[in-house]
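Below is input-v3.txt, which holds compact mmCIF, C-alpha atoms and all ligand atoms.
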# COMPACT_ATOMS: atom_id res chain seq x y z
CA MET A 1 7.35 76.04 -17.73
CA PRO A 2 9.36 73.46 -19.79
CA ILE A 3 9.15 74.13 -23.50
CA MET A 4 9.80 72.32 -26.77
CA ARG A 5 10.05 73.23 -30.44
CA ALA A 6 6.85 72.81 -32.49
CA ALA A 7 5.05 73.87 -35.69
CA PHE A 8 1.59 75.20 -34.98
CA ALA A 9 -1.39 77.13 -36.35
CA SER A 10 -1.29 80.55 -34.69
CA SER A 11 -4.11 82.03 -36.82
CA PHE A 12 -6.15 81.08 -39.89
CA ASP A 13 -5.72 82.20 -43.48
CA ALA A 14 -8.18 80.75 -45.99
CA ASP A 15 -6.23 82.00 -49.04
CA ASN A 16 -2.62 81.71 -47.88
CA PRO A 17 -2.43 78.93 -45.26
CA LEU A 18 1.36 79.28 -44.95
CA ALA A 19 0.84 82.76 -43.44
CA ALA A 20 -0.98 81.13 -40.50
CA LEU A 21 1.89 78.75 -39.69
CA SER A 22 4.25 79.47 -36.77
CA VAL A 23 7.35 77.58 -35.71
CA GLY A 24 8.60 78.22 -32.19
CA ASP A 25 8.44 77.16 -28.56
CA ARG A 26 5.36 75.53 -27.04
CA PRO A 27 4.81 73.99 -23.58
CA GLU A 28 5.72 70.31 -23.15
CA PRO A 29 2.75 67.90 -23.66
CA THR A 30 0.36 67.32 -20.76
CA HIS A 31 -1.71 64.18 -20.18
CA PRO A 32 -5.51 64.68 -20.14
CA GLN A 33 -5.93 61.17 -18.64
CA ASP A 34 -3.75 58.74 -16.66
CA ASP A 35 -3.41 56.30 -19.56
CA TRP A 36 -1.70 58.92 -21.78
CA ILE A 37 2.06 58.87 -22.31
CA THR A 38 4.61 61.08 -24.05
CA VAL A 39 6.40 59.88 -27.18
CA GLN A 40 9.68 61.34 -28.44
CA VAL A 41 8.97 61.99 -32.14
CA ARG A 42 11.53 60.61 -34.63
CA ALA A 43 9.66 61.17 -37.90
CA SER A 44 6.37 62.69 -38.99
CA SER A 45 4.66 63.42 -42.30
CA LEU A 46 2.41 66.13 -43.69
CA ASN A 47 -1.15 65.69 -44.90
CA HIS A 48 -3.52 68.00 -46.71
CA HIS A 49 -5.33 68.04 -43.36
CA ASP A 50 -2.54 70.30 -42.00
CA LEU A 51 -3.25 72.87 -44.71
CA TRP A 52 -6.99 72.66 -44.05
CA SER A 53 -6.27 73.39 -40.35
CA LEU A 54 -4.25 76.50 -41.28
CA ARG A 55 -7.18 77.61 -43.46
CA GLY A 56 -9.48 77.31 -40.42
CA VAL A 57 -11.30 74.18 -41.62
CA GLY A 58 -12.06 71.91 -38.65
CA LEU A 59 -10.47 74.22 -36.05
CA GLY A 60 -11.99 77.17 -34.20
CA PRO A 61 -10.23 80.34 -32.94
CA ASP A 62 -10.60 79.09 -29.33
CA GLN A 63 -8.39 76.07 -30.21
CA LEU A 64 -5.41 78.24 -31.24
CA PRO A 65 -2.49 77.87 -30.96
CA MET A 66 -2.71 74.23 -32.13
CA ILE A 67 0.33 72.05 -32.83
CA LEU A 68 -0.25 70.48 -36.26
CA GLY A 69 0.56 66.99 -37.56
CA CYS A 70 -1.39 63.72 -37.56
CA ASP A 71 1.35 61.19 -38.28
CA ALA A 72 4.40 60.12 -36.28
CA VAL A 73 6.82 57.39 -35.42
CA GLY A 74 8.76 57.76 -32.19
CA THR A 75 10.16 56.24 -29.04
CA ASP A 76 7.92 55.52 -26.03
CA PRO A 77 9.09 56.05 -22.40
CA ASP A 78 10.28 52.40 -22.26
CA GLY A 79 12.51 52.92 -25.31
CA ASN A 80 10.27 51.00 -27.76
CA GLU A 81 9.99 52.22 -31.35
CA VAL A 82 6.32 52.89 -31.99
CA VAL A 83 3.93 54.02 -34.72
CA ILE A 84 1.20 56.34 -33.45
CA TYR A 85 -2.42 55.59 -34.41
CA PRO A 86 -3.74 59.16 -34.68
CA VAL A 87 -7.46 58.72 -33.91
CA VAL A 88 -8.16 59.59 -30.26
CA PRO A 89 -11.41 59.11 -28.25
CA THR A 90 -12.91 62.59 -27.85
CA PRO A 91 -16.10 62.95 -25.82
CA GLY A 92 -17.92 66.05 -27.01
CA ASP A 93 -16.91 65.65 -30.66
CA PRO A 94 -19.92 64.52 -32.74
CA ARG A 95 -17.76 61.71 -34.21
CA GLY A 96 -16.81 60.52 -30.70
CA VAL A 97 -13.17 60.68 -31.84
CA SER A 98 -10.77 63.21 -33.30
CA ILE A 99 -7.48 63.10 -35.18
CA LEU A 100 -4.34 64.45 -33.47
CA SER A 101 -4.11 68.22 -34.11
CA GLU A 102 -7.91 68.68 -33.98
CA HIS A 103 -8.62 68.60 -30.21
CA PHE A 104 -5.26 67.34 -28.93
CA ALA A 105 -1.80 68.64 -29.88
CA GLY A 106 -0.33 67.07 -33.03
CA THR A 107 2.96 65.47 -34.00
CA PHE A 108 5.00 68.37 -35.44
CA ALA A 109 6.88 68.77 -32.17
CA GLU A 110 9.78 67.26 -30.29
CA ARG A 111 7.30 65.29 -28.19
CA VAL A 112 3.59 64.36 -28.40
CA ALA A 113 1.16 62.91 -25.84
CA VAL A 114 -1.21 60.08 -26.84
CA PRO A 115 -3.23 57.35 -25.11
CA ARG A 116 -0.97 54.31 -24.55
CA MET A 117 -3.43 52.14 -26.52
CA ASN A 118 -2.70 54.26 -29.62
CA LEU A 119 0.85 52.90 -29.89
CA LEU A 120 1.68 50.11 -32.35
CA PRO A 121 5.10 48.47 -32.63
CA LEU A 122 7.25 49.64 -35.56
CA PRO A 123 7.74 46.50 -37.71
CA THR A 124 11.31 45.33 -38.23
CA GLY A 125 12.72 46.48 -41.55
CA LEU A 126 10.44 49.51 -41.90
CA ALA A 127 12.33 52.83 -41.61
CA ALA A 128 10.82 55.44 -39.26
CA THR A 129 10.56 57.93 -42.16
CA ASP A 130 8.59 55.37 -44.22
CA ALA A 131 6.33 54.22 -41.39
CA ALA A 132 5.51 57.88 -40.58
CA CYS A 133 3.64 58.04 -43.92
CA LEU A 134 1.24 55.24 -43.05
CA PRO A 135 -1.11 56.28 -40.17
CA THR A 136 -3.24 58.82 -42.08
CA ALA A 137 -2.92 58.86 -45.89
CA TRP A 138 -1.91 55.23 -46.34
CA LEU A 139 -4.37 53.95 -43.74
CA THR A 140 -7.15 55.90 -45.47
CA ALA A 141 -6.19 54.43 -48.86
CA TRP A 142 -5.94 50.90 -47.40
CA ARG A 143 -9.45 51.10 -45.92
CA MET A 144 -10.80 52.67 -49.15
CA LEU A 145 -9.52 49.73 -51.19
CA THR A 146 -10.28 46.90 -48.75
CA THR A 147 -12.96 47.37 -46.08
CA ARG A 148 -15.00 50.04 -47.93
CA GLY A 149 -14.13 49.37 -51.60
CA ARG A 150 -14.15 45.57 -51.10
CA VAL A 151 -11.79 45.25 -54.06
CA ASP A 152 -11.95 41.62 -55.18
CA GLU A 153 -10.03 39.14 -57.29
CA GLY A 154 -9.78 40.29 -60.91
CA GLU A 155 -11.27 43.73 -60.23
CA SER A 156 -9.96 47.10 -61.38
CA VAL A 157 -9.45 50.43 -59.64
CA LEU A 158 -9.45 54.09 -60.74
CA VAL A 159 -7.55 56.60 -58.58
CA GLN A 160 -8.31 60.28 -59.20
CA GLY A 161 -5.71 63.07 -58.75
CA ALA A 162 -2.96 60.54 -58.37
CA GLY A 163 -0.17 62.88 -57.21
CA GLY A 164 -1.60 63.24 -53.70
CA GLY A 165 -0.60 61.38 -50.54
CA VAL A 166 -3.77 59.25 -50.32
CA ALA A 167 -3.84 58.77 -54.09
CA THR A 168 -0.23 57.57 -54.50
CA ALA A 169 -0.87 55.21 -51.58
CA ALA A 170 -3.96 53.83 -53.34
CA VAL A 171 -1.98 53.33 -56.56
CA ALA A 172 0.93 51.57 -54.83
CA LEU A 173 -1.34 49.41 -52.64
CA GLY A 174 -3.72 48.59 -55.53
CA VAL A 175 -0.77 47.41 -57.63
CA ALA A 176 0.69 45.45 -54.67
CA LEU A 177 -2.72 43.78 -54.19
CA GLY A 178 -2.51 42.63 -57.83
CA LYS A 179 -5.30 44.85 -59.22
CA ARG A 180 -5.46 46.65 -62.59
CA VAL A 181 -5.01 50.27 -61.53
CA TYR A 182 -5.80 53.38 -63.60
CA ALA A 183 -4.88 56.80 -62.26
CA THR A 184 -5.49 60.35 -63.47
CA SER A 185 -3.21 63.32 -62.91
CA ARG A 186 -3.18 66.81 -64.41
CA ASP A 187 0.58 66.74 -64.62
CA ALA A 188 2.57 64.88 -67.33
CA ALA A 189 5.56 64.26 -65.03
CA LYS A 190 3.28 62.78 -62.35
CA ARG A 191 1.63 60.57 -64.98
CA GLU A 192 5.07 59.21 -65.83
CA ARG A 193 5.73 58.47 -62.12
CA ILE A 194 2.35 56.70 -61.89
CA THR A 195 3.36 54.45 -64.78
CA GLU A 196 6.60 53.60 -62.95
CA LEU A 197 4.47 52.47 -59.98
CA GLY A 198 2.77 49.92 -62.27
CA ALA A 199 -0.52 51.71 -63.00
CA THR A 200 -1.98 53.04 -66.27
CA ALA A 201 -1.80 56.84 -66.19
CA LEU A 202 -4.46 58.99 -67.82
CA GLN A 203 -5.30 62.66 -68.32
CA PRO A 204 -8.17 63.84 -66.06
CA GLY A 205 -11.48 63.01 -67.75
CA ALA A 206 -9.97 60.54 -70.25
CA ARG A 207 -11.96 57.48 -71.34
CA LEU A 208 -10.70 54.31 -69.60
CA PRO A 209 -10.07 51.05 -71.49
CA GLU A 210 -12.65 49.40 -69.18
CA ARG A 211 -15.19 50.42 -66.55
CA VAL A 212 -13.75 49.96 -63.05
CA ASP A 213 -15.11 48.27 -59.91
CA VAL A 214 -13.65 50.68 -57.33
CA VAL A 215 -13.01 54.42 -57.63
CA ILE A 216 -10.75 56.20 -55.13
CA GLU A 217 -12.00 59.80 -54.83
CA THR A 218 -10.15 62.49 -52.87
CA VAL A 219 -10.48 65.31 -55.44
CA GLY A 220 -14.26 65.85 -55.45
CA ALA A 221 -15.98 68.40 -57.68
CA ALA A 222 -13.32 68.42 -60.42
CA THR A 223 -13.36 64.65 -61.00
CA PHE A 224 -16.62 63.26 -59.61
CA ASP A 225 -18.54 63.17 -62.90
CA HIS A 226 -15.65 61.24 -64.49
CA SER A 227 -15.70 58.85 -61.52
CA LEU A 228 -19.40 58.16 -62.12
CA LYS A 229 -18.89 57.71 -65.89
CA SER A 230 -15.93 55.34 -65.36
CA ALA A 231 -17.76 53.07 -62.89
CA ALA A 232 -18.84 49.53 -63.86
CA PRO A 233 -22.26 48.21 -62.80
CA MET A 234 -22.29 47.68 -58.98
CA ALA A 235 -19.05 49.66 -58.59
CA ARG A 236 -18.05 51.32 -55.31
CA ILE A 237 -17.03 54.99 -55.44
CA VAL A 238 -15.20 55.58 -52.17
CA VAL A 239 -14.78 59.20 -51.03
CA SER A 240 -12.35 60.31 -48.34
CA GLY A 241 -11.71 63.91 -49.37
CA ALA A 242 -12.77 66.73 -51.65
CA THR A 243 -9.67 68.85 -52.25
CA ALA A 244 -11.25 70.55 -55.29
CA GLY A 245 -14.74 71.09 -53.80
CA TYR A 246 -17.30 69.07 -51.87
CA GLU A 247 -20.46 69.88 -53.82
CA PRO A 248 -20.10 68.11 -57.16
CA LYS A 249 -23.06 67.72 -59.52
CA VAL A 250 -24.16 64.07 -59.25
CA ASN A 251 -25.99 62.39 -62.12
CA LEU A 252 -28.40 60.25 -60.12
CA ARG A 253 -29.58 58.41 -63.26
CA ARG A 254 -26.12 56.90 -63.49
CA VAL A 255 -26.14 56.05 -59.76
CA PHE A 256 -29.35 54.02 -59.91
CA ALA A 257 -29.07 52.63 -63.47
CA MET A 258 -25.55 51.29 -62.81
CA GLN A 259 -26.46 50.44 -59.18
CA LEU A 260 -23.44 52.34 -57.88
CA GLU A 261 -22.46 52.69 -54.24
CA ILE A 262 -21.07 56.05 -53.11
CA LEU A 263 -19.30 55.41 -49.81
CA GLY A 264 -17.77 57.89 -47.40
CA THR A 265 -14.80 56.91 -45.28
CA SER A 266 -12.41 58.45 -42.79
CA MET A 267 -9.04 57.14 -41.62
CA GLY A 268 -9.23 53.48 -40.43
CA THR A 269 -9.23 51.30 -37.33
CA PRO A 270 -6.19 50.28 -35.24
CA ASP A 271 -6.58 46.74 -36.63
CA GLU A 272 -6.50 48.10 -40.19
CA LEU A 273 -3.30 50.04 -39.38
CA THR A 274 -1.76 46.86 -37.92
CA GLU A 275 -2.75 44.98 -41.12
CA LEU A 276 -1.29 47.75 -43.29
CA LEU A 277 2.02 47.82 -41.37
CA ALA A 278 2.30 44.03 -41.71
CA PHE A 279 1.36 44.15 -45.41
CA CYS A 280 4.02 46.78 -46.17
CA ALA A 281 6.71 44.97 -44.16
CA GLU A 282 5.84 41.54 -45.65
CA HIS A 283 5.38 42.57 -49.30
CA GLU A 284 8.21 45.12 -49.22
CA VAL A 285 5.80 47.88 -50.19
CA ARG A 286 7.28 51.25 -49.28
CA PRO A 287 5.49 54.60 -49.25
CA VAL A 288 6.00 56.97 -52.14
CA VAL A 289 8.06 59.74 -50.56
CA ASP A 290 8.18 63.11 -52.32
CA SER A 291 10.82 64.56 -50.02
CA VAL A 292 12.31 64.32 -46.52
CA VAL A 293 12.81 67.65 -44.74
CA PRO A 294 14.66 68.14 -41.41
CA PHE A 295 12.40 69.23 -38.54
CA GLY A 296 14.43 72.44 -38.25
CA ARG A 297 13.22 73.43 -41.74
CA ILE A 298 9.60 72.27 -41.45
CA GLU A 299 8.33 75.48 -43.08
CA GLU A 300 9.86 74.16 -46.34
CA ALA A 301 7.81 70.96 -45.98
CA PHE A 302 4.61 73.02 -45.70
CA ALA A 303 5.58 75.16 -48.70
CA ARG A 304 6.25 72.02 -50.73
CA LEU A 305 2.81 70.55 -49.90
CA ALA A 306 1.06 73.84 -50.60
CA SER A 307 2.78 74.10 -54.01
CA GLY A 308 0.60 71.26 -55.33
CA GLU A 309 3.68 69.77 -57.00
CA VAL A 310 4.15 66.87 -54.60
CA PHE A 311 4.23 63.28 -55.72
CA GLY A 312 3.67 61.19 -52.61
CA LYS A 313 4.35 62.13 -49.03
CA VAL A 314 6.36 65.00 -47.57
CA VAL A 315 8.18 63.56 -44.55
CA VAL A 316 9.81 65.38 -41.64
CA ASP A 317 12.93 63.88 -40.02
CA HIS A 318 12.97 64.94 -36.35
CA THR A 319 16.43 63.40 -35.78
CA ALA A 320 18.23 65.46 -38.46
N1 LIG A 401 -11.07 61.32 -44.58
C1 LIG A 401 -9.83 60.98 -44.25
O1 LIG A 401 -9.60 60.16 -43.40
C2 LIG A 401 -8.72 61.60 -44.99
C3 LIG A 401 -7.41 61.16 -44.78
C4 LIG A 401 -6.40 61.72 -45.55
C5 LIG A 401 -6.76 62.68 -46.50
N2 LIG A 401 -8.04 63.10 -46.64
C6 LIG A 401 -8.43 64.15 -47.63
O2 LIG A 401 -8.10 63.65 -48.93
C7 LIG A 401 -7.68 64.75 -49.75
C8 LIG A 401 -6.29 64.46 -50.30
O3 LIG A 401 -5.39 64.44 -49.23
P1 LIG A 401 -3.84 64.29 -49.47
O4 LIG A 401 -3.15 64.47 -48.17
O5 LIG A 401 -3.62 63.07 -50.28
O6 LIG A 401 -3.61 65.64 -50.31
P2 LIG A 401 -2.52 66.07 -51.31
O7 LIG A 401 -1.34 65.17 -51.12
O8 LIG A 401 -2.37 67.52 -51.18
O9 LIG A 401 -3.21 65.71 -52.76
C9 LIG A 401 -4.16 66.39 -53.40
C10 LIG A 401 -4.20 65.90 -54.88
O10 LIG A 401 -5.47 66.24 -55.39
C11 LIG A 401 -5.36 66.52 -56.77
N3 LIG A 401 -6.05 67.78 -57.05
C12 LIG A 401 -6.06 68.90 -56.32
N4 LIG A 401 -6.83 69.86 -56.90
C13 LIG A 401 -7.31 69.30 -58.03
C14 LIG A 401 -8.15 69.75 -59.08
N5 LIG A 401 -8.66 70.98 -59.08
N6 LIG A 401 -8.42 68.92 -60.09
C15 LIG A 401 -7.91 67.66 -60.12
N7 LIG A 401 -7.09 67.19 -59.14
C16 LIG A 401 -6.81 67.98 -58.11
C17 LIG A 401 -3.91 66.67 -57.13
O11 LIG A 401 -3.56 65.60 -57.98
P3 LIG A 401 -2.78 65.83 -59.40
O12 LIG A 401 -1.86 66.99 -59.19
O13 LIG A 401 -2.10 64.54 -59.61
O14 LIG A 401 -3.80 66.10 -60.44
C18 LIG A 401 -3.21 66.62 -55.79
O15 LIG A 401 -1.97 65.97 -55.88
C19 LIG A 401 -7.72 66.01 -48.86
O16 LIG A 401 -8.91 66.70 -49.13
C20 LIG A 401 -7.71 65.45 -47.46
O17 LIG A 401 -8.33 66.31 -46.55
C21 LIG A 401 -9.00 62.58 -45.92
Output the file's structure as structure tokens, nothing else.
Amino acid sequence: MPIMRAAFASSFDADNPLAALSVGDRPEPTHPQDDWITVQVRASSLNHHDLWSLRGVGLGPDQLPMILGCDAVGTDPDGNEVVIYPVVPTPGDPRGVSILSEHFAGTFAERVAVPRMNLLPLPTGLAATDAACLPTAWLTAWRMLTTRGRVDEGESVLVQGAGGGVATAAVALGVALGKRVYATSRDAAKRERITELGATALQPGARLPERVDVVIETVGAATFDHSLKSAAPMARIVVSGATAGYEPKVNLRRVFAMQLEILGTSMGTPDELTELLAFCAEHEVRPVVDSVVPFGRIEEAFARLASGEVFGKVVVDHTA
């Protein structure tokens, strides 16, 4: 059986996800349907989702071994450079869809199979390593700000836990959209980097100079009360993750008195990814990249993400 190199979950470890990671040979991709094709991966990027998978969140033992990775840019069989939209129709999943690496093999491999309709052209001028950051974290942040957050002219945004992949995307995109952006981080060095991106950096829990119209929440329990307190009347608190716990205490008096909206969101649509790619190419917005690691040393990329020290995205170069 033909084989390729891949990084995959071979077991689960809730406390030490890196112990559940294997790098080695896996069978070449197969096509569950006729409209699937195989893409040669050129660049991919890590998401917190990959660590959740290694912890056993969202994957069952019967799905092991599972090749990880949601994001990729690559070359299709006709030689076109393509960005992969990672949400795949999945009958049997309660959502009707799944993200690559949940039911179908992910992108941390030499090659990945996807439905042909999941391929978008790589815009001219956007490097593969930059575009590989966009399909999950940046798409999520784009939808949080626009479709779900409905951020409007003259409005302001608070981003919690601003060192993360989704959070740095929300800061950079919020600034590029011309909004007043505030961002919290526990780390002084990250706060300095946030300031360089054009946002006002704050310690977690600090009082803001104004109440904001949109809050970008991916942290959860550790920051949610501050998100509620920082929200202006009619504000939208948009939640796409809960890295620090998914059962925060919610002061409902604040929710109804300030007429707040708490909105859940996941990923985005293919049209939103097309919009985001065009926005980045047109406005020369580039992803915040923490580091680029060669595919041959992908374990180092996982260790970097797990360290909690990242500022922006950890990218994997499959051509190095
Ligand atoms: N629903 C979706 O479609 C979707 C898509 C992408 C991501 N997500 C979710 O969104 C979350 C973030 O993902 P990511 O890839 O951006 O992760 P990440 O890069 O690992 O970022 C996590 C950030 O959360 C902050 N944080 C972690 N623990 C904290 C704590 N105890 N108190 C305060 N801040 C804390 C940190 O910010 P500081 O160090 O700056 O404080 C950290 O940089 C994950 O839970 C992920 O599963 C969801």
- Task: Give the residues close to ligand LIG 401 (chain A), within 6 Å, counting only C-alpha atoms and all ligand atoms; write them as a PyMOL selection string.
- Result: chain A and resi 47-49+136-137+140+161-167+185-187+218-219+222+240-244+265-267+308
- Query: How many Å separate CA of Gly220 in chain A from CA of Asp13 in chain A?
  - Reply: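 Here the two named atoms are 22.0 Å from each other.
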- Task: Determine the nearest neighbour of Pro115 in chain A from the options A:Leu100, A:Cys70, A:Cys133, A:Val255, counting only C-alpha atoms.
- Result: A:Leu100
- Message: I'd like the interatomic distance between CA of Ala306 in chain A and CA of Trp52 in chain A, to a tenth of an Å.
- Response: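 Between CA of Ala306 in chain A and CA of Trp52 in chain A the gap works out to 10.4 Å.
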- Task: Would you please work out which residue, of A:Leu276, A:Ile67, A:Val82, A:Leu119, is nearest to Glu102 in chain A when using all atoms listed in the file?
- Result: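 Of the candidates, the smallest distance to Glu102 in chain A is held by A:Ile67.
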- Using all atoms listed in the file, find the one residue out of A:Val23, A:Leu139, A:Leu277, A:Leu173 that sits nearest to Asp71 in chain A.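 Counting all atoms listed in the file, the residue closest to Asp71 in chain A is A:Leu139.
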